[in-house]
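Structure data (mmCIF, C-alpha atoms) from final20.cif:
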```
data_input
loop_
_atom_site.label_atom_id
_atom_site.label_comp_id
_atom_site.auth_asym_id
_atom_site.auth_seq_id
_atom_site.Cartn_x
_atom_site.Cartn_y
_atom_site.Cartn_z
CA MET W 256 -0.34 97.90 209.07
CA THR W 257 -2.37 96.58 211.98
CA SER W 258 -1.34 93.41 213.78
CA PRO W 259 -3.67 90.40 213.53
CA ILE W 260 -5.99 89.99 216.49
CA GLU W 261 -4.77 87.25 218.82
CA PRO W 262 -7.41 84.52 219.22
CA LYS W 263 -8.98 84.26 222.66
CA VAL W 264 -8.97 80.98 224.59
CA PHE W 265 -12.25 79.73 226.09
CA ALA W 266 -12.34 76.84 228.56
CA PHE W 267 -15.26 74.40 228.55
CA VAL W 268 -16.45 71.62 230.83
CA PHE W 269 -19.12 69.30 229.41
CA ALA W 270 -21.04 67.65 232.23
CA ARG W 271 -24.36 65.94 231.70
CA GLY W 272 -26.46 64.80 234.63
CA GLY W 273 -27.17 61.18 233.71
CA SER W 274 -23.97 59.37 234.67
CA LYS W 275 -24.54 55.62 235.05
CA GLY W 276 -21.16 54.25 236.17
CA VAL W 277 -20.80 56.74 239.04
CA PRO W 278 -24.11 58.46 239.97
CA ASP W 279 -23.82 62.27 240.08
CA LYS W 280 -20.20 61.77 239.04
CA ASN W 281 -19.60 65.31 237.80
CA ILE W 282 -20.49 66.88 241.16
CA ARG W 283 -19.25 64.10 243.43
CA GLU W 284 -16.60 65.36 245.81
CA LEU W 285 -12.95 64.45 245.46
CA ALA W 286 -10.67 65.83 248.19
CA GLY W 287 -13.37 68.27 249.30
CA LYS W 288 -14.32 69.62 245.89
CA PRO W 289 -16.80 68.40 243.22
CA LEU W 290 -15.16 67.03 240.10
CA ILE W 291 -16.24 69.93 237.89
CA GLY W 292 -14.83 72.26 240.54
CA TRP W 293 -11.31 70.95 239.85
CA SER W 294 -11.63 71.71 236.13
CA ILE W 295 -13.01 75.19 236.83
CA THR W 296 -10.35 76.01 239.42
CA LEU W 297 -7.61 74.86 237.08
CA ALA W 298 -8.92 77.06 234.27
CA GLN W 299 -9.14 80.02 236.65
CA GLY W 300 -5.42 79.64 237.31
CA LEU W 301 -4.50 79.94 233.63
CA PRO W 302 -3.91 83.60 232.65
CA SER W 303 -4.63 82.96 228.96
CA ILE W 304 -8.23 81.87 229.58
CA GLN W 305 -10.84 84.43 228.53
CA SER W 306 -13.77 82.79 230.31
CA ILE W 307 -14.99 79.40 231.55
CA TRP W 308 -18.19 77.68 230.44
CA VAL W 309 -19.98 74.59 231.73
CA SER W 310 -22.40 72.92 229.32
CA THR W 311 -24.99 70.85 231.17
CA ASP W 312 -28.58 69.67 231.19
CA SER W 313 -28.61 69.39 234.99
CA THR W 314 -29.79 72.16 237.31
CA LYS W 315 -27.69 70.65 240.12
CA ILE W 316 -24.54 70.76 238.01
CA ALA W 317 -25.38 74.28 236.85
CA THR W 318 -25.71 75.45 240.45
CA VAL W 319 -22.34 73.94 241.41
CA ALA W 320 -20.70 75.41 238.30
CA LYS W 321 -21.97 78.92 239.07
CA HIS W 322 -20.90 78.57 242.71
CA HIS W 323 -17.34 77.90 241.52
CA GLY W 324 -17.35 80.88 239.18
CA ALA W 325 -18.18 79.41 235.77
CA ASN W 326 -20.72 80.51 233.19
CA VAL W 327 -23.41 77.99 232.25
CA ILE W 328 -24.70 76.88 228.86
CA VAL W 329 -28.01 75.04 229.15
CA ARG W 330 -27.69 71.91 227.03
CA PRO W 331 -30.85 70.60 225.31
CA ASP W 332 -32.04 67.19 226.50
CA VAL W 333 -31.46 65.73 223.04
CA LEU W 334 -27.72 66.40 223.52
CA ALA W 335 -27.63 64.84 227.00
CA SER W 336 -28.91 61.31 226.47
CA ASP W 337 -26.81 58.14 226.72
CA THR W 338 -26.68 57.96 222.93
CA ALA W 339 -25.92 61.64 222.29
CA SER W 340 -22.55 62.57 220.81
CA GLU W 341 -20.37 64.90 222.87
CA TRP W 342 -19.15 66.33 219.57
CA ASP W 343 -22.66 67.69 219.02
CA ALA W 344 -22.56 69.21 222.51
CA TRP W 345 -19.29 70.89 221.51
CA LYS W 346 -20.95 72.30 218.41
CA HIS W 347 -23.89 73.57 220.45
CA ALA W 348 -21.55 75.32 222.89
CA VAL W 349 -19.36 77.07 220.31
CA ARG W 350 -22.38 78.14 218.29
CA TYR W 351 -23.89 79.60 221.46
CA LEU W 352 -20.81 81.73 222.18
CA ILE W 353 -20.61 82.91 218.58
CA GLU W 354 -24.32 83.76 218.44
CA GLN W 355 -23.98 85.68 221.72
CA GLU W 356 -21.06 87.55 220.14
CA VAL W 357 -18.82 86.40 222.98
CA ALA W 358 -16.43 84.54 220.66
CA SER W 359 -15.54 84.13 217.00
CA LYS W 360 -14.79 81.08 214.88
CA GLU W 361 -11.06 81.93 215.02
CA ASP W 362 -10.94 81.60 218.81
CA VAL W 363 -9.50 78.64 220.69
CA PHE W 364 -11.63 75.92 222.27
CA LEU W 365 -10.14 74.18 225.33
CA SER W 366 -12.13 71.26 226.75
CA LEU W 367 -11.25 70.24 230.32
CA PRO W 368 -13.35 67.14 231.05
CA ALA W 369 -14.41 66.86 234.69
CA THR W 370 -13.37 63.21 234.75
CA SER W 371 -9.62 64.02 234.73
CA PRO W 372 -9.20 65.84 238.06
CA LEU W 373 -5.56 64.80 238.49
CA ARG W 374 -4.28 66.77 235.50
CA THR W 375 -1.98 69.66 236.42
CA LYS W 376 -1.68 73.28 235.42
CA ASP W 377 1.61 72.40 233.74
CA ASP W 378 -0.14 69.78 231.59
CA ILE W 379 -2.52 72.39 230.20
CA GLN W 380 0.09 75.10 229.77
CA ARG W 381 2.26 72.67 227.79
CA ALA W 382 -0.76 71.68 225.71
CA LEU W 383 -1.69 75.27 224.89
CA LYS W 384 1.92 76.08 223.98
CA GLN W 385 2.24 73.03 221.74
CA PHE W 386 -1.04 73.81 219.98
CA SER W 387 0.02 77.40 219.33
CA GLU W 388 3.40 76.34 217.92
CA ASN W 389 2.44 73.30 215.81
CA ASN W 390 0.46 73.41 212.60
CA SER W 391 -2.27 70.99 213.68
CA ASP W 392 -6.05 71.12 213.54
CA ILE W 393 -6.58 69.68 217.00
CA LEU W 394 -4.46 68.63 219.94
CA VAL W 395 -5.36 65.62 222.07
CA THR W 396 -3.52 64.06 224.99
CA GLY W 397 -2.31 60.53 225.50
CA MET W 398 -0.15 58.23 227.55
CA GLN W 399 2.02 55.44 226.22
CA SER W 400 -0.01 52.24 226.07
CA ASN W 401 0.67 49.51 228.62
CA ARG W 402 -0.31 46.92 226.00
CA SER W 403 0.80 46.81 222.37
CA PRO W 404 -1.61 45.88 219.55
CA TYR W 405 1.40 44.24 217.88
CA PHE W 406 2.19 41.92 220.80
CA ASN W 407 -0.24 41.48 223.70
CA MET W 408 -3.58 42.90 222.61
CA LEU W 409 -5.81 40.18 221.17
CA LYS W 410 -8.98 40.10 219.08
CA GLN W 411 -11.35 37.21 218.46
CA GLU W 412 -10.89 36.01 214.88
CA LYS W 413 -13.47 33.24 214.97
CA GLU W 414 -15.20 31.06 217.53
CA GLY W 415 -12.62 29.86 220.05
CA GLU W 416 -9.65 31.49 218.30
CA PHE W 417 -7.85 34.70 219.13
CA GLY W 418 -5.00 36.51 217.45
CA VAL W 419 -2.93 39.65 217.84
CA VAL W 420 -4.75 42.86 216.86
CA LEU W 421 -2.05 43.98 214.42
CA PRO W 422 0.06 41.05 213.13
CA SER W 423 3.71 41.98 212.59
CA SER W 424 6.98 40.28 211.69
CA ALA W 425 8.74 42.17 214.49
CA VAL W 426 10.05 40.03 217.36
CA ARG W 427 10.82 42.90 219.77
CA ARG W 428 8.39 45.48 221.10
CA GLN W 429 11.06 48.13 220.45
CA ASP W 430 10.75 47.46 216.71
CA VAL W 431 7.09 48.43 216.37
CA PRO W 432 5.55 51.92 216.58
CA VAL W 433 4.89 53.34 220.05
CA THR W 434 1.14 53.46 220.66
CA TYR W 435 -0.81 55.79 222.90
CA ASP W 436 -4.06 55.58 224.83
CA MET W 437 -6.01 58.79 224.30
CA THR W 438 -6.84 60.50 227.57
CA THR W 439 -9.35 63.13 228.66
CA VAL W 440 -6.80 65.56 230.08
CA CYS W 441 -7.77 68.17 227.47
CA TYR W 442 -8.71 68.82 223.84
CA ILE W 443 -7.68 71.98 222.00
CA CYS W 444 -8.75 73.29 218.61
CA HIS W 445 -10.24 76.39 217.02
CA PHE W 446 -14.00 76.96 217.08
CA ASP W 447 -14.01 76.71 213.29
CA TYR W 448 -12.71 73.12 213.44
CA ILE W 449 -15.68 72.01 215.52
CA LEU W 450 -18.17 73.76 213.26
CA ASN W 451 -16.83 72.18 210.07
CA ARG W 452 -15.66 68.68 210.99
CA GLN W 453 -17.40 65.44 211.89
CA GLY W 454 -15.41 64.43 214.97
CA VAL W 455 -12.32 64.84 217.11
CA LEU W 456 -9.97 62.95 214.77
CA ASP W 457 -11.34 64.40 211.51
CA GLY W 458 -8.24 66.46 210.73
CA LYS W 459 -4.53 66.82 211.40
CA VAL W 460 -4.17 65.54 214.96
CA ASP W 461 -1.33 66.41 217.33
CA LEU W 462 -0.76 64.65 220.67
CA LEU W 463 0.74 65.79 223.96
CA GLU W 464 2.05 62.95 226.09
CA VAL W 465 1.01 63.03 229.75
CA ASP W 466 1.90 60.81 232.67
CA HIS W 467 -0.29 57.99 233.93
CA ILE W 468 -1.47 59.97 236.96
CA SER W 469 -2.69 62.94 234.93
CA ALA W 470 -4.36 60.46 232.59
CA ILE W 471 -6.70 58.98 235.22
CA ASP W 472 -10.22 59.13 233.75
CA ILE W 473 -13.08 58.55 236.19
CA ASP W 474 -15.71 56.31 234.65
CA THR W 475 -16.34 53.72 237.40
CA GLU W 476 -16.32 53.46 241.20
CA PHE W 477 -12.90 51.80 240.94
CA ASP W 478 -11.57 54.79 238.98
CA PHE W 479 -12.94 57.14 241.62
CA LYS W 480 -11.27 55.26 244.47
CA LEU W 481 -8.00 55.12 242.53
CA ALA W 482 -8.19 58.87 241.89
CA GLN W 483 -8.71 59.53 245.60
CA LEU W 484 -5.63 57.49 246.52
CA LEU W 485 -3.45 59.07 243.86
CA PHE W 486 -4.66 62.56 244.70
CA GLU W 487 -3.64 62.18 248.34
CA GLU W 488 -0.27 60.67 247.42
CA TYR W 489 0.83 62.78 244.45
CA ARG W 490 -1.43 65.65 243.51
CA ASN W 491 -2.54 67.36 246.70
CA HIS W 492 -0.35 70.42 246.08
CA GLU W 493 0.15 70.19 242.31
CA ILE W 494 -3.23 70.57 240.63
CA CYS W 495 -3.33 74.35 240.41
CA ASP W 496 0.19 75.31 241.50
#
```
Representation of the structure as structure tokens:
Amino acid sequence: MTSPIEPKVFAFVFARGGSKGVPDKNIRELAGKPLIGWSITLAQGLPSIQSIWVSTDSTKIATVAKHHGANVIVRPDVLASDTASEWDAWKHAVRYLIEQEVASKEDVFLSLPATSPLRTKDDIQRALKQFSENNSDILVTGMQSNRSPYFNMLKQEKEGEFGVVLPSSAVRRQDVPVTYDMTTVCYICHFDYILNRQGVLDGKVDLLEVDHISAIDIDTEFDFKLAQLLFEEYRNHEICD
């Protein structure tokens, strides 16, 4: 009796060229390396990764990705607009690898967004291990929320009036469920999940908790400056070690 074929793990970075909050964000340098370079270098340090792919509509990003050793998937313009869904870009990428007979629908999809350059190799190794051991459809990452929807997160109920997001009879924060902010440290699922579902949370979702430094997600100039400070203080020798 032959043993089942072990699924291969493919790493992806999705990086469109039209960033508004931080111009050319995906190739802007942090500590001497463009943001997508940190994702690529991290993936190169993981022995389980079969190959690394950058999906982009930008020739500049494609050039940087190739320089750092990644393969490039040319993303159609329709999947790179401000209103385009990244889920559709995921579908385009996995279909491309399957059509090229590089991968199969049973293989593992690992997204390493460029905007989380302070994640560590240990974060991703723990995530891959947890995904392989737990019976989930997809693994996301998160950090414990600083604010609780049961206590100090408010919504406007009507003009001039605000109330707690999730009313509760609990009087102590310890008595309500722990909540998490989803992060962009990584996403892990099988190719088949992306091809047959409507979005990230359209299935049995597992979560790996990460620390607040790994969770930094660069979306604004403030985020970028914060990432620079934290990188110098905490992550200079940890990212790929």
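Between Arg283 of chain W and the residues W:Thr439, W:Thr370, W:Gln429, W:Asn401, the shortest atom-to-atom distance, using only C-alpha atoms, involves W:Thr370.
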Within 6 Å of Asp436 of chain W, counting all atoms listed in the file, which residues qualify if same-chain residues fewer than 3 places away don't, as a PDB file with C-alpha atoms, keeping the file's coordinate frame?
```
ATOM      1  CA  GLY W 397      -2.310  60.530 225.500  1.00  0.00           C
ATOM      2  CA  MET W 398      -0.150  58.230 227.550  1.00  0.00           C
ATOM      3  CA  SER W 400      -0.010  52.240 226.070  1.00  0.00           C
TER       4      SER W 400
END
```
Please indicate the distance in Å from atom CA of Thr438 of chain W to atom CA of Pro404 of chain W, rounded to one decimal place.
17.5 Å
Find the residues of segment 366-409 of chain W that sit at most 12 Å from segment 442-461 of chain W; for each, write down the nearest two atoms and how far apart they are in Å, to one decimal. Count only C-alpha atoms. Sort by chain, then by number going up, and give it as a tab-separated table.
```
residue	atom	partner	partner_atom	distance
W:Ser366	CA	W:Tyr442	CA	5.1
W:Leu367	CA	W:Tyr442	CA	7.1
W:Pro368	CA	W:Tyr442	CA	8.7
W:Ser371	CA	W:Tyr442	CA	11.9
W:Asp378	CA	W:Tyr442	CA	11.6
W:Ile379	CA	W:Tyr442	CA	9.6
W:Gln380	CA	W:Ile443	CA	11.4
W:Arg381	CA	W:Ile443	CA	11.5
W:Ala382	CA	W:Ile443	CA	7.9
W:Leu383	CA	W:Ile443	CA	7.4
W:Lys384	CA	W:Ile443	CA	10.6
W:Gln385	CA	W:Asp461	CA	8.7
W:Phe386	CA	W:Ile443	CA	7.2
W:Ser387	CA	W:Cys444	CA	9.7
W:Glu388	CA	W:Asp461	CA	11.0
W:Asn389	CA	W:Asp461	CA	8.0
W:Asn390	CA	W:Lys459	CA	8.4
W:Ser391	CA	W:Lys459	CA	5.3
W:Asp392	CA	W:Lys459	CA	5.0
W:Ile393	CA	W:Cys444	CA	4.5
W:Leu394	CA	W:Asp461	CA	4.6
W:Val395	CA	W:Tyr442	CA	5.0
W:Thr396	CA	W:Tyr442	CA	7.1
W:Gly397	CA	W:Asp461	CA	10.1
```
Mind writing the picked residues with C-alpha atoms as a compact mmCIF listing (two decimals), keeping the file's coordinate frame?
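Just written: selection_37.txt:
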```txt
# COMPACT_ATOMS: atom_id res chain seq x y z
CA SER W 366 -12.13 71.26 226.75
CA LEU W 367 -11.25 70.24 230.32
CA PRO W 368 -13.35 67.14 231.05
CA SER W 371 -9.62 64.02 234.73
CA ASP W 378 -0.14 69.78 231.59
CA ILE W 379 -2.52 72.39 230.20
CA GLN W 380 0.09 75.10 229.77
CA ARG W 381 2.26 72.67 227.79
CA ALA W 382 -0.76 71.68 225.71
CA LEU W 383 -1.69 75.27 224.89
CA LYS W 384 1.92 76.08 223.98
CA GLN W 385 2.24 73.03 221.74
CA PHE W 386 -1.04 73.81 219.98
CA SER W 387 0.02 77.40 219.33
CA GLU W 388 3.40 76.34 217.92
CA ASN W 389 2.44 73.30 215.81
CA ASN W 390 0.46 73.41 212.60
CA SER W 391 -2.27 70.99 213.68
CA ASP W 392 -6.05 71.12 213.54
CA ILE W 393 -6.58 69.68 217.00
CA LEU W 394 -4.46 68.63 219.94
CA VAL W 395 -5.36 65.62 222.07
CA THR W 396 -3.52 64.06 224.99
CA GLY W 397 -2.31 60.53 225.50
```
Which distance in Å separates atom CA of Ser313 of chain W and atom CA of Lys376 of chain W, to one decimal?
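Going from atom CA of Ser313 of chain W over to atom CA of Lys376 of chain W, I get 27.2 Å.
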Which residues, written as a tab-separated table (two decimals) with C-alpha atoms, in the frame of the given file, have at least one atom at most 7 Å from His323 of chain W, with all atoms listed in the file counted and residues fewer than 2 positions away on the same chain left out?
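In the end it all went to around_16.tsv:
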```tsv
chain	number	residue	atom	x	y	z
W	292	GLY	CA	-14.83	72.26	240.54
W	295	ILE	CA	-13.01	75.19	236.83
W	319	VAL	CA	-22.34	73.94	241.41
W	320	ALA	CA	-20.70	75.41	238.30
W	321	LYS	CA	-21.97	78.92	239.07
W	325	ALA	CA	-18.18	79.41	235.77
```
W:Arg330, W:Lys263, W:Arg427, W:Lys346: which is nearest Asn407 of chain W, counting only C-alpha atoms?
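Nearest candidate to Asn407 of chain W out of W:Arg330, W:Lys263, W:Arg427, W:Lys346: W:Arg427.
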For this file, the PyMOL selection byres ((chain W and resi 336) around 12) selects which residues, as a PyMOL selection string?
chain W and resi 270-275+311-313+330-335+337-341+343-344
